[in-house]
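Visitor: What follows is data-v3.csv; its format and atoms are CSV, C-alpha atoms.
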chain,number,residue,atom,x,y,z
Y,76,MET,CA,-47.5,61.4,150.0
Y,77,SER,CA,-51.0,59.9,149.4
Y,78,TYR,CA,-51.9,56.3,149.5
Y,79,GLN,CA,-52.4,56.3,145.8
Y,80,GLU,CA,-49.0,57.8,145.1
Y,81,LYS,CA,-47.3,55.2,147.3
Y,82,ARG,CA,-49.2,52.4,145.6
Y,83,SER,CA,-48.2,53.7,142.1
Y,84,ILE,CA,-44.5,53.7,143.2
Y,85,LEU,CA,-44.8,50.3,144.7
Y,86,ASN,CA,-46.5,48.9,141.5
Y,87,LEU,CA,-43.8,50.5,139.4
Y,88,ILE,CA,-41.0,48.9,141.3
Y,89,SER,CA,-42.7,45.5,141.7
Y,90,SER,CA,-43.7,45.1,138.1
Y,91,VAL,CA,-40.1,45.8,136.9
Y,92,LEU,CA,-38.7,43.5,139.6
Y,93,ILE,CA,-41.1,40.6,139.0
Y,94,SER,CA,-40.6,40.6,135.2
Y,95,GLY,CA,-36.9,41.2,135.6
Y,96,ILE,CA,-36.3,38.4,138.1
Y,97,TYR,CA,-38.5,36.0,136.2
Y,98,PHE,CA,-36.8,36.5,132.9
Y,99,TRP,CA,-33.4,36.4,134.5
Y,100,TYR,CA,-34.4,33.1,136.0
Y,101,VAL,CA,-35.7,31.8,132.7
Y,102,PHE,CA,-32.8,32.9,130.6
Y,103,ARG,CA,-29.9,31.9,132.9
Y,104,GLY,CA,-27.7,29.5,131.0
Y,105,ASP,CA,-28.9,30.6,127.5
Y,106,PRO,CA,-31.7,28.1,127.1
Y,107,THR,CA,-32.6,29.3,123.5
Y,108,ALA,CA,-29.2,28.4,122.1
Y,109,GLY,CA,-29.5,26.1,119.1
Y,110,MET,CA,-33.4,26.1,119.1
Y,111,ASP,CA,-35.2,26.3,115.7
Y,112,THR,CA,-38.2,28.5,115.2
Y,113,ASP,CA,-40.8,26.0,116.3
Y,114,GLU,CA,-38.9,25.3,119.5
Y,115,LEU,CA,-38.4,29.0,120.1
Y,116,MET,CA,-42.2,29.6,119.7
Y,117,HIS,CA,-42.9,26.8,122.2
Y,118,PHE,CA,-40.3,28.2,124.7
Y,119,TRP,CA,-41.7,31.7,124.5
Y,120,GLY,CA,-45.3,30.7,124.7
Y,121,LYS,CA,-44.6,28.6,127.8
Y,122,SER,CA,-42.5,31.3,129.4
Y,123,ILE,CA,-45.1,34.0,128.9
Y,124,LEU,CA,-48.0,31.7,130.0
Y,125,ILE,CA,-46.1,31.0,133.3
Y,126,LEU,CA,-45.3,34.6,133.8
Y,127,ILE,CA,-49.0,35.6,133.9
Y,128,PRO,CA,-50.0,33.6,137.1
Y,129,VAL,CA,-46.6,34.4,138.7
Y,130,THR,CA,-47.2,38.1,138.2
Y,131,ILE,CA,-50.8,37.9,139.4
Y,132,VAL,CA,-49.9,36.0,142.6
Y,133,ALA,CA,-46.8,38.2,143.3
Y,134,LYS,CA,-48.9,41.4,142.9
Y,135,ILE,CA,-51.7,40.2,145.1
Y,136,VAL,CA,-49.2,39.2,147.9
Y,137,ILE,CA,-47.4,42.6,147.5
Y,138,ALA,CA,-50.7,44.5,147.5
Y,139,ILE,CA,-51.9,42.7,150.7
Y,140,PHE,CA,-48.6,43.4,152.5
Y,141,PHE,CA,-48.7,47.1,151.4
Y,142,ALA,CA,-52.3,47.6,152.5
Y,143,VAL,CA,-51.6,46.1,155.9
Y,144,GLY,CA,-48.3,47.9,156.3
Y,145,ASN,CA,-49.8,51.2,155.3
Y,146,THR,CA,-52.8,50.8,157.6
Y,147,VAL,CA,-50.6,50.0,160.5
Y,148,ALA,CA,-48.1,52.8,159.8
Y,149,THR,CA,-50.6,55.6,159.1
Y,150,ARG,CA,-53.7,54.3,161.0
Y,151,GLU,CA,-55.8,55.5,158.0
Y,152,LYS,CA,-58.3,53.2,156.3
Y,153,ILE,CA,-57.6,52.4,152.7
Y,154,PRO,CA,-59.5,54.8,150.5
Y,155,SER,CA,-61.9,53.2,148.0
Y,156,ALA,CA,-61.6,54.1,144.4
Y,157,ASP,CA,-63.7,57.2,143.5
Y,158,GLU,CA,-64.4,59.0,140.2
Y,159,ARG,CA,-61.0,60.7,140.2
Y,160,ASP,CA,-59.1,57.5,140.7
Y,161,LYS,CA,-61.1,55.9,137.9
Y,162,LEU,CA,-60.3,58.8,135.6
Y,163,ILE,CA,-56.6,58.7,136.4
Y,164,GLU,CA,-56.7,54.9,135.9
Y,165,LEU,CA,-58.3,55.3,132.4
Y,166,LYS,CA,-55.9,58.0,131.3
Y,167,SER,CA,-52.9,56.0,132.5
Y,168,LEU,CA,-54.2,52.9,130.8
Y,169,ARG,CA,-54.5,54.9,127.6
Y,170,ASN,CA,-50.8,56.0,127.8
Y,171,SER,CA,-49.8,52.4,128.6
Y,172,ARG,CA,-51.7,51.0,125.6
Y,173,TYR,CA,-50.0,53.6,123.3
Y,174,MET,CA,-46.6,52.3,124.5
Y,175,PHE,CA,-47.5,48.6,124.1
Y,176,GLY,CA,-49.0,49.3,120.6
Y,177,PHE,CA,-45.7,51.0,119.6
Y,178,GLY,CA,-43.8,48.0,120.9
Y,179,PHE,CA,-46.0,45.6,119.0
Y,180,ILE,CA,-45.4,47.5,115.8
Y,181,LEU,CA,-41.6,47.4,116.5
Y,182,ALA,CA,-41.9,43.6,117.0
Y,183,MET,CA,-43.7,43.3,113.6
Y,184,VAL,CA,-41.0,45.5,112.0
Y,185,ALA,CA,-38.3,43.1,113.5
Y,186,LEU,CA,-40.1,40.1,111.9
Y,187,THR,CA,-40.4,41.8,108.5
Y,188,MET,CA,-36.7,42.6,108.6
Y,189,ASN,CA,-36.1,38.8,108.9
Y,190,MET,CA,-34.9,39.0,112.5
Y,191,SER,CA,-35.2,36.0,114.8
Y,192,VAL,CA,-38.5,35.1,116.6
Y,193,ASN,CA,-36.4,35.7,119.7
Y,194,VAL,CA,-36.1,39.4,118.8
Y,195,MET,CA,-39.8,39.7,118.3
Y,196,PHE,CA,-40.7,38.2,121.6
Y,197,ILE,CA,-38.0,40.2,123.4
Y,198,VAL,CA,-39.4,43.4,121.9
Y,199,ILE,CA,-42.9,42.4,123.0
Y,200,VAL,CA,-41.9,41.6,126.5
Y,201,LEU,CA,-39.9,44.8,126.8
Y,202,ALA,CA,-42.8,46.7,125.4
Y,203,GLY,CA,-45.0,45.1,128.1
Y,204,MET,CA,-42.6,46.1,130.8
Y,205,ALA,CA,-42.3,49.6,129.4
Y,206,SER,CA,-46.1,50.0,129.2
Y,207,GLU,CA,-46.4,49.0,132.9
Y,208,ILE,CA,-43.8,51.6,133.7
Y,209,ILE,CA,-45.6,54.3,131.6
Y,210,GLU,CA,-48.9,53.4,133.3
Y,211,ASN,CA,-47.6,53.7,136.8
Y,212,LEU,CA,-45.6,56.9,136.0
Y,213,SER,CA,-48.7,58.4,134.4
Y,214,GLN,CA,-50.7,57.6,137.6
Y,215,LEU,CA,-48.0,59.2,139.7
Y,216,TYR,CA,-48.0,62.3,137.4
Y,217,PHE,CA,-51.8,62.7,137.4
Y,218,TYR,CA,-52.0,62.3,141.2
Y,219,ARG,CA,-49.3,64.9,141.7
Y,220,LYS,CA,-50.0,67.4,139.0
Y,221,GLY,CA,-53.8,67.0,138.7
Y,222,VAL,CA,-56.0,65.6,136.1
J,370,MET,CA,-51.6,69.9,132.9
J,371,ALA,CA,-54.0,72.6,131.4
J,372,LYS,CA,-55.1,75.1,133.9
J,373,HIS,CA,-58.6,74.3,135.1
J,374,GLN,CA,-61.2,77.0,134.5
J,375,ILE,CA,-63.4,76.0,137.3
J,376,SER,CA,-62.7,77.4,140.7
J,377,ASN,CA,-64.5,76.8,144.0
J,378,ASN,CA,-64.7,78.1,147.6
J,379,ILE,CA,-65.1,74.7,149.3
J,380,ARG,CA,-62.4,75.5,151.8
J,381,LYS,CA,-64.2,78.6,153.0
J,382,LEU,CA,-67.5,76.8,153.1
J,383,ARG,CA,-66.1,74.0,155.1
J,384,PHE,CA,-64.6,76.4,157.6
J,385,ASN,CA,-68.0,78.1,158.0
J,386,GLN,CA,-69.7,74.8,158.4
J,387,ASP,CA,-68.3,74.1,161.9
J,388,GLU,CA,-64.8,73.6,160.5
J,389,MET,CA,-65.8,70.5,158.6
J,390,THR,CA,-62.8,68.4,157.7
J,391,GLN,CA,-61.9,67.2,154.2
J,392,GLN,CA,-62.4,63.7,155.3
J,393,GLN,CA,-65.9,64.4,156.6
J,394,LEU,CA,-66.9,66.2,153.4
J,395,GLY,CA,-65.4,63.3,151.4
J,396,ASP,CA,-67.4,60.8,153.4
J,397,MET,CA,-70.6,62.8,152.9
J,398,VAL,CA,-70.2,63.0,149.1
J,399,GLY,CA,-68.7,59.5,148.6
J,400,VAL,CA,-65.1,60.4,147.6
J,401,SER,CA,-61.7,60.1,149.3
J,402,ARG,CA,-60.1,62.9,151.3
J,403,GLN,CA,-57.4,63.2,148.5
J,404,THR,CA,-60.1,63.9,146.0
J,405,ILE,CA,-61.5,66.8,148.1
J,406,VAL,CA,-57.9,68.1,148.5
J,407,ALA,CA,-57.4,68.0,144.7
J,408,ILE,CA,-60.7,69.8,144.1
J,409,GLU,CA,-59.8,72.5,146.6
J,410,LYS,CA,-56.4,73.0,145.0
J,411,GLY,CA,-58.0,73.2,141.5
J,412,LYS,CA,-56.1,70.1,140.4
J,413,TYR,CA,-59.3,68.2,139.6
J,414,SER,CA,-62.6,69.3,138.2
J,415,PRO,CA,-65.4,67.2,139.7
J,416,THR,CA,-68.1,65.6,137.6
J,417,LEU,CA,-71.4,67.4,137.5
J,418,GLU,CA,-73.0,64.9,139.9
J,419,LEU,CA,-70.2,65.2,142.5
J,420,ALA,CA,-70.4,69.0,142.2
J,421,PHE,CA,-74.1,68.9,142.9
J,422,ARG,CA,-73.5,66.5,145.9
J,423,ILE,CA,-71.0,69.0,147.3
J,424,ALA,CA,-73.3,71.9,146.9
J,425,HIS,CA,-76.1,69.9,148.5
J,426,VAL,CA,-74.0,69.3,151.6
J,427,PHE,CA,-73.6,73.1,152.0
J,428,ASP,CA,-77.3,73.6,151.1
J,429,LEU,CA,-76.3,76.1,148.4
J,430,PRO,CA,-76.9,76.4,144.7
J,431,LEU,CA,-74.1,75.1,142.5
J,432,HIS,CA,-73.0,78.5,141.3
J,433,GLU,CA,-72.3,79.6,144.9
J,434,VAL,CA,-69.8,76.8,145.3
J,435,PHE,CA,-68.3,76.6,141.9
J,436,SER,CA,-67.5,79.3,139.4
J,437,TYR,CA,-66.5,79.1,135.8
J,438,ASN,CA,-63.7,81.5,134.7
J,439,PRO,CA,-63.1,81.2,131.0
J,440,ASP,CA,-60.8,84.2,130.9
J,441,ASP,CA,-58.2,82.5,133.2
J,442,ASP,CA,-56.9,80.5,130.2
J,443,HIS,CA,-55.9,83.6,128.2
For the file at hand, write its structure as structure tokens.
Guide:
Amino acid sequence: MSYQEKRSILNLISSVLISGIYFWYVFRGDPTAGMDTDELMHFWGKSILILIPVTIVAKIVIAIFFAVGNTVATREKIPSADERDKLIELKSLRNSRYMFGFGFILAMVALTMNMSVNVMFIVIVLAGMASEIIENLSQLYFYRKGV
Amino acid sequence: MAKHQISNNIRKLRFNQDEMTQQQLGDMVGVSRQTIVAIEKGKYSPTLELAFRIAHVFDLPLHEVFSYNPDDDH
């Protein structure tokens, strides 16, 4: 398995785990119970704003450990991104954006059906996670099957 | 994936060039070993610039390294 394939699998697992653990931590004890719409908006805005730096830091730490571990285990230098990597990244990002766009539309549908703001944000967060999964699976597919 | 219509004989040319490794060729043209592997297996069609760089390494015209087979898709 190539370095890029291993990296895609690691990103897939880490993105699901980071978001999953973060939202499990945020939602333990049902903090949104009894909140009105304004409080819910504030709660979700704060939760998502905190998630961004948490994800960035966690991914940087994981990437460093992976790069060091892979170099030690395989004694190969980390390949720098070339034209094929960039093409695969672009195609995977396109698939990811389709997924997120679909999720965003679903969230808007939830709002127009008079569902809670909670539902809209949950759909957006799930769409974000799904889009990351699609992006990493697409990368894995293109690296394995060709692009 | 759609079957690529561009084939190449890079593997044979490497072998004839003092058994040049995929890593060596990759270093010479500025791509990773995995990209050379993908090109040789027909899983990736290089850009025109990369194709020219590869042909330049073997000191051959482009058409002697890569060939276009439009009938392969039918």
Visitor: Give as a list in words every residue of chain Y that touches chain J within 8 Å, counting only C-alpha atoms.
Guide: Ser77, Pro154, Ser155, Ala156, Asp157, Glu158, Arg159, Lys220, Gly221 and Val222 of chain Y
Visitor: Report the distance between atom CA of Phe179 of chain Y and atom CA of Leu165 of chain Y in Å, rounded to one decimal place.
Guide: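 Distance reported for this atom pair: 20.6 Å.
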Visitor: Applying 10 Å and all atoms listed in the file, which residues near Ile84 of chain Y remain after dropping the ones on its own chain fewer than 2 positions away? List them as a list in words.
Guide: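 The residues satisfying every condition are Gln79, Glu80, Lys81, Arg82, Asn86, Leu87, Ile88, Ser89, Ile208, Asn211, Leu212, Gln214 and Leu215 of chain Y.
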Visitor: Atom CA of Gln391 of chain J and atom CA of Phe140 of chain Y are how many Å apart?
Guide: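 Distance reported for this atom pair: 27.3 Å.
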Visitor: Measure the distance from atom CA of Ser376 of chain J to atom CA of Tyr216 of chain Y in Å and round it to one decimal.
Guide: 21.3 Å
Visitor: Around (-69.2, 78.9, 131.7) in the file's own coordinates, what residues are found within 9 Å if you use only C-alpha atoms, given back as a PyMOL selection string?
Guide: chain J and resi 374-375+436-439
